[in-house]
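Report on one structure; see the data block that follows.
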Amino acid sequence: MPNEQQPAKMWSGRFREPLNKTFEEWQRSFPFDWRLLPQEVAASKAHARAIAAAGILTDAELATMLDGLDQVLAQTTLTPAVVAEAPEAEDIHHFTELQLTKVIGDLALKLHTGRSRNEQIATDMRLFVRDAIDATLTGLREWRSSLIDLAESAGEAVMPSYTHLQRAEPVLVAHWLLTYVSQLERDSSRLVDARKRMNLCPLGSGAIAGATLALDRTIAAKALGFDGPTPNSMDATSDRDFALEFTQALATLGIHISRFAEELTLYSTAEFGFLDLPEAFSTGSSAMPQKKNPDLTELIRGKSGRLLGAATTLATLIKGLPLAYNKDLQEGQEPVFDAADTIAGMLSVLPPFTSSLRFRYDRMQAAATTGYLNAMAAATYLTHKGVPFRKAHEKIGNAVRFGLETGRELGDLTLDELRKFGEEFSEDFYESITLEATLDCHDVIGGTARHRVSQALADARERLKVEAGKVGDSRYVSV
Ligand code: ARG
């Protein structure tokens, strides 16, 4: 078929044979990259400004083109149905150009001067990821805020902590919840860090070697809110580190979320009984009338697997890929979209779920005050009496064994009984192993002593405030 009969193709000039129809349909990215329309329009407007400055467009043509691109964005509501009706569009770049041609005519054909789809997709994806990072950071701040509120509302409520899933020492419920705040602070900082690194503009990199026009690349970079142009055209068109880092940061975040989900699932069982699942976030069983199932925590535990999957796909895709652009990279889009959607969904339910949690503090306290959880505090008591810790450990171990045999806690043993294990025991032993003393002996930064935890709460709140204050306006669609 002569190429004049294939006007809709972007690259038909050197071809004489038509594409295999099945292959043609199969290789298209428009069925999923349609969601990059806002990014594609913004990047196209930025490029139009750059080529106008290079003398390719007159001022009037630039104005028409910018207005036309705005119209394309305003008039197009892309849905899978619309996408199905545009079989001629190979990808979002092609679609946008076709639409622009409908709006402003042949002037649209000048837009592609000095640019390549390789730099376009690299730019669109950076813009998408930057937005997704900002949305995730907002969601994380909200969730941190509800965790901090919940921790604060727990006051001096206590619970057992666990190592090896065996009861270890009593801790404040607030101390336990602040663990997750620490994890999320690291997740936020990873995303902030990745955002800084990726905030450079690929436009002007051309297909591989740089634009074939002497473009002022700072024009497009500035218009899109980037810190500047990327320094190497081969890297810019082949790099997907920003997508990899984004999905890897989300994978780590997903790991944290799944730990939280797992603990709450466990603590809501009758065996632990530390909380009643909020009905608004639970479902029943169609078979067993008594059931209230932790679907929310189970589902987010499951969804964290998708986040890990996205990171793995990206890493596998990039590994061993020769420079520069290769079509394989097209496969990197869907995992990024899926990860962004998945984390957005998870962070939409986690803050209200967290705010609705009501703990059974009585059950938690009972579990924290039985089973010799004050044994370490008891050993510490002996060290203050000059007993070397190893020996103190042995003496308290013997006392615990005696307690187990006689069905009593350490505080129930008489002084005479205790003295069989060590002459250093005296009356003040009992006050050193109360619940309060057991908490407060952990008087270090990061420990569960009551005043340390209230300081930690205030610090966490302050860090959240500082971070929220730093949030800039990253919108670019209006340029
Ligand atoms: N849809 C393509 C992608 O996502 C756009 C870039 C195409 N470039 C090319 N040289 N075929 O990767």
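By order of appearance in the structure tokens: chains A, B, ..., then residues from 1 within every chain, and ligands from 1 in the order shown.
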Mind the document's chain letters and residue numbers, and return as a PyMOL selection string the residues of stretch 300-441 of chain A that DSSP labels alpha helix (DSSP H).
-> chain A and resi 300-318+333-355+361-368+375-384+389-406+415-419+429-432+435-440
Export C-alpha atoms of the chosen residues as a PDB file, in the first residue's frame?
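Dumped everything to part.pdb:
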```
ATOM      1  CA  ILE A 300      -4.706  -3.541  52.426  1.00  0.00           C
ATOM      2  CA  ARG A 301      -2.356  -6.322  53.508  1.00  0.00           C
ATOM      3  CA  GLY A 302      -3.100  -7.934  50.152  1.00  0.00           C
ATOM      4  CA  LYS A 303      -2.832  -4.733  48.156  1.00  0.00           C
ATOM      5  CA  SER A 304       0.659  -4.112  49.473  1.00  0.00           C
ATOM      6  CA  GLY A 305       1.599  -7.133  47.348  1.00  0.00           C
ATOM      7  CA  ARG A 306       0.632  -5.215  44.222  1.00  0.00           C
ATOM      8  CA  LEU A 307       2.987  -2.390  45.249  1.00  0.00           C
ATOM      9  CA  LEU A 308       5.843  -4.842  45.577  1.00  0.00           C
ATOM     10  CA  GLY A 309       4.850  -6.295  42.214  1.00  0.00           C
ATOM     11  CA  ALA A 310       5.057  -2.904  40.502  1.00  0.00           C
ATOM     12  CA  ALA A 311       8.572  -2.286  41.830  1.00  0.00           C
ATOM     13  CA  THR A 312       9.654  -5.741  40.710  1.00  0.00           C
ATOM     14  CA  THR A 313       8.224  -5.220  37.214  1.00  0.00           C
ATOM     15  CA  LEU A 314      10.016  -1.876  36.824  1.00  0.00           C
ATOM     16  CA  ALA A 315      13.327  -3.258  38.036  1.00  0.00           C
ATOM     17  CA  THR A 316      13.083  -6.270  35.717  1.00  0.00           C
ATOM     18  CA  LEU A 317      12.166  -4.061  32.795  1.00  0.00           C
ATOM     19  CA  ILE A 318      15.092  -1.685  33.165  1.00  0.00           C
ATOM     20  CA  GLN A 333       3.590   2.658  32.491  1.00  0.00           C
ATOM     21  CA  GLU A 334       0.877   0.348  33.749  1.00  0.00           C
ATOM     22  CA  PRO A 335       2.673  -0.735  36.940  1.00  0.00           C
ATOM     23  CA  VAL A 336       3.251   2.933  37.774  1.00  0.00           C
ATOM     24  CA  PHE A 337      -0.428   3.750  37.223  1.00  0.00           C
ATOM     25  CA  ASP A 338      -1.494   0.713  39.202  1.00  0.00           C
ATOM     26  CA  ALA A 339       0.838   1.521  42.095  1.00  0.00           C
ATOM     27  CA  ALA A 340      -0.368   5.145  42.171  1.00  0.00           C
ATOM     28  CA  ASP A 341      -4.023   4.040  42.163  1.00  0.00           C
ATOM     29  CA  THR A 342      -3.421   1.337  44.728  1.00  0.00           C
ATOM     30  CA  ILE A 343      -1.677   3.591  47.237  1.00  0.00           C
ATOM     31  CA  ALA A 344      -4.296   6.309  46.711  1.00  0.00           C
ATOM     32  CA  GLY A 345      -7.014   3.798  47.559  1.00  0.00           C
ATOM     33  CA  MET A 346      -5.195   2.507  50.615  1.00  0.00           C
ATOM     34  CA  LEU A 347      -4.518   5.999  51.929  1.00  0.00           C
ATOM     35  CA  SER A 348      -8.143   6.991  51.396  1.00  0.00           C
ATOM     36  CA  VAL A 349      -9.376   4.389  53.900  1.00  0.00           C
ATOM     37  CA  LEU A 350      -6.525   4.252  56.401  1.00  0.00           C
ATOM     38  CA  PRO A 351      -7.015   7.659  58.081  1.00  0.00           C
ATOM     39  CA  PRO A 352     -10.776   7.265  58.759  1.00  0.00           C
ATOM     40  CA  PHE A 353     -10.259   3.637  59.762  1.00  0.00           C
ATOM     41  CA  THR A 354      -7.522   4.651  62.192  1.00  0.00           C
ATOM     42  CA  SER A 355      -9.638   7.448  63.677  1.00  0.00           C
ATOM     43  CA  TYR A 361      -7.732  -0.873  77.224  1.00  0.00           C
ATOM     44  CA  ASP A 362      -8.865  -3.158  80.070  1.00  0.00           C
ATOM     45  CA  ARG A 363      -7.855  -6.248  78.095  1.00  0.00           C
ATOM     46  CA  MET A 364      -4.599  -4.650  77.035  1.00  0.00           C
ATOM     47  CA  GLN A 365      -3.747  -3.695  80.604  1.00  0.00           C
ATOM     48  CA  ALA A 366      -4.610  -7.168  81.899  1.00  0.00           C
ATOM     49  CA  ALA A 367      -2.307  -8.683  79.302  1.00  0.00           C
ATOM     50  CA  ALA A 368       0.449  -6.203  80.182  1.00  0.00           C
ATOM     51  CA  ALA A 375      10.949  -9.210  85.173  1.00  0.00           C
ATOM     52  CA  MET A 376      13.433  -6.938  83.433  1.00  0.00           C
ATOM     53  CA  ALA A 377      12.504  -4.068  85.725  1.00  0.00           C
ATOM     54  CA  ALA A 378      12.973  -6.476  88.642  1.00  0.00           C
ATOM     55  CA  ALA A 379      16.455  -7.438  87.420  1.00  0.00           C
ATOM     56  CA  THR A 380      17.275  -3.772  86.990  1.00  0.00           C
ATOM     57  CA  TYR A 381      16.250  -3.231  90.638  1.00  0.00           C
ATOM     58  CA  LEU A 382      18.916  -5.701  91.692  1.00  0.00           C
ATOM     59  CA  THR A 383      21.556  -4.012  89.536  1.00  0.00           C
ATOM     60  CA  HIS A 384      20.854  -0.788  91.449  1.00  0.00           C
ATOM     61  CA  PHE A 389      23.222  -7.899  85.591  1.00  0.00           C
ATOM     62  CA  ARG A 390      24.015 -11.484  84.625  1.00  0.00           C
ATOM     63  CA  LYS A 391      23.557 -12.539  88.251  1.00  0.00           C
ATOM     64  CA  ALA A 392      20.464 -10.377  88.657  1.00  0.00           C
ATOM     65  CA  HIS A 393      18.978 -12.056  85.589  1.00  0.00           C
ATOM     66  CA  GLU A 394      19.587 -15.476  87.140  1.00  0.00           C
ATOM     67  CA  LYS A 395      18.069 -14.518  90.519  1.00  0.00           C
ATOM     68  CA  ILE A 396      14.919 -13.032  88.924  1.00  0.00           C
ATOM     69  CA  GLY A 397      14.711 -16.062  86.632  1.00  0.00           C
ATOM     70  CA  ASN A 398      14.642 -18.269  89.738  1.00  0.00           C
ATOM     71  CA  ALA A 399      11.973 -16.058  91.323  1.00  0.00           C
ATOM     72  CA  VAL A 400       9.863 -16.286  88.132  1.00  0.00           C
ATOM     73  CA  ARG A 401      10.204 -20.060  88.167  1.00  0.00           C
ATOM     74  CA  PHE A 402       9.028 -20.120  91.825  1.00  0.00           C
ATOM     75  CA  GLY A 403       6.116 -17.824  90.877  1.00  0.00           C
ATOM     76  CA  LEU A 404       5.133 -20.121  88.010  1.00  0.00           C
ATOM     77  CA  GLU A 405       5.171 -23.127  90.344  1.00  0.00           C
ATOM     78  CA  THR A 406       3.034 -21.399  92.953  1.00  0.00           C
ATOM     79  CA  LEU A 415      10.102 -10.706 100.993  1.00  0.00           C
ATOM     80  CA  ASP A 416      11.140 -13.896 102.777  1.00  0.00           C
ATOM     81  CA  GLU A 417      10.469 -15.917  99.666  1.00  0.00           C
ATOM     82  CA  LEU A 418      12.357 -13.431  97.506  1.00  0.00           C
ATOM     83  CA  ARG A 419      15.350 -13.427  99.830  1.00  0.00           C
ATOM     84  CA  PHE A 429      11.439  -3.924  95.535  1.00  0.00           C
ATOM     85  CA  TYR A 430       7.643  -3.817  95.282  1.00  0.00           C
ATOM     86  CA  GLU A 431       7.487  -0.189  94.217  1.00  0.00           C
ATOM     87  CA  SER A 432      10.171  -0.752  91.592  1.00  0.00           C
ATOM     88  CA  LEU A 435       3.325  -0.980  86.182  1.00  0.00           C
ATOM     89  CA  GLU A 436       4.282   2.703  86.349  1.00  0.00           C
ATOM     90  CA  ALA A 437       7.813   1.947  87.503  1.00  0.00           C
ATOM     91  CA  THR A 438       8.166  -0.718  84.852  1.00  0.00           C
ATOM     92  CA  LEU A 439       7.286   1.854  82.211  1.00  0.00           C
ATOM     93  CA  ASP A 440       9.258   4.737  83.666  1.00  0.00           C
TER      94      ASP A 440
END
```
With only C-alpha atoms and all ligand atoms counted and 9 Å as the cut-off, give the residues of chain A in contact with ligand 1, each with its shortest interatomic distance in Å and the pair that gives it, as CSV.
```
residue,atom,partner,partner_atom_place_in_ligand_line,distance
A:Gln27,CA,ligand 1,1 (N),8.6
A:Arg28,CA,ligand 1,1 (N),7.0
A:Ser29,CA,ligand 1,1 (N),5.2
A:Phe30,CA,ligand 1,1 (N),7.4
A:Asp33,CA,ligand 1,4 (O),7.4
A:Glu90,CA,ligand 1,1 (N),7.3
A:Asp91,CA,ligand 1,1 (N),5.2
A:Ile92,CA,ligand 1,1 (N),7.3
A:His93,CA,ligand 1,5 (C),7.3
A:His94,CA,ligand 1,1 (N),8.9
A:Ser116,CA,ligand 1,8 (N),7.4
A:Arg117,CA,ligand 1,6 (C),4.6
A:Asn118,CA,ligand 1,6 (C),4.7
A:Glu119,CA,ligand 1,6 (C),7.8
A:Gln120,CA,ligand 1,6 (C),7.3
A:Ile121,CA,ligand 1,5 (C),5.5
A:Ala122,CA,ligand 1,12 (O),8.2
A:Ala207,CA,ligand 1,10 (N),7.3
A:Tyr325,CA,ligand 1,10 (N),6.9
A:Asn326,CA,ligand 1,10 (N),7.2
A:Lys327,CA,ligand 1,12 (O),5.3
A:Asp328,CA,ligand 1,12 (O),7.2
A:Leu329,CA,ligand 1,12 (O),5.4
A:Gln330,CA,ligand 1,4 (O),3.8
A:Glu331,CA,ligand 1,4 (O),7.4
A:Gly332,CA,ligand 1,4 (O),8.1
A:Gln333,CA,ligand 1,4 (O),7.1
```
Contacts of A:Gln71 at 12 Å (only C-alpha atoms; same-chain gap of 6+ positions) as a count of residues only = 13
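Ranking A:Asp216, A:Phe359, A:Leu373, A:Ala54 by their shortest atom-to-atom distance to A:Thr163, with only C-alpha atoms included, puts A:Leu373 first.
Taking atom CA of A:Gly446 and atom CA of A:Gly254 as the two end points, the separation is 24.2 Å.
Of the listed residues A:Leu357, A:Leu299, A:Leu253, A:Leu73, the one whose atoms come nearest to A:Leu36 is A:Leu73, with distances taken using only C-alpha atoms.
In this comparison, which uses only C-alpha atoms, the residue of A:Lys9, A:Arg461, A:Glu298, A:Val466 approaching A:Val181 most closely is A:Arg461.
Atom to atom, atom CA of A:Leu275 and atom CA of A:Ser145 stand 20.2 Å apart.
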Polymer residues at most 10 Å from stretch 224-234 of chain A, only C-alpha atoms, same-chain spacing of 4 or more positions, as a VMD selection string = chain A and resid 39 42 to 43 45 to 47 119 123 126 to 127 196 to 211 216 to 220 238 to 239 323 to 325 473 to 479
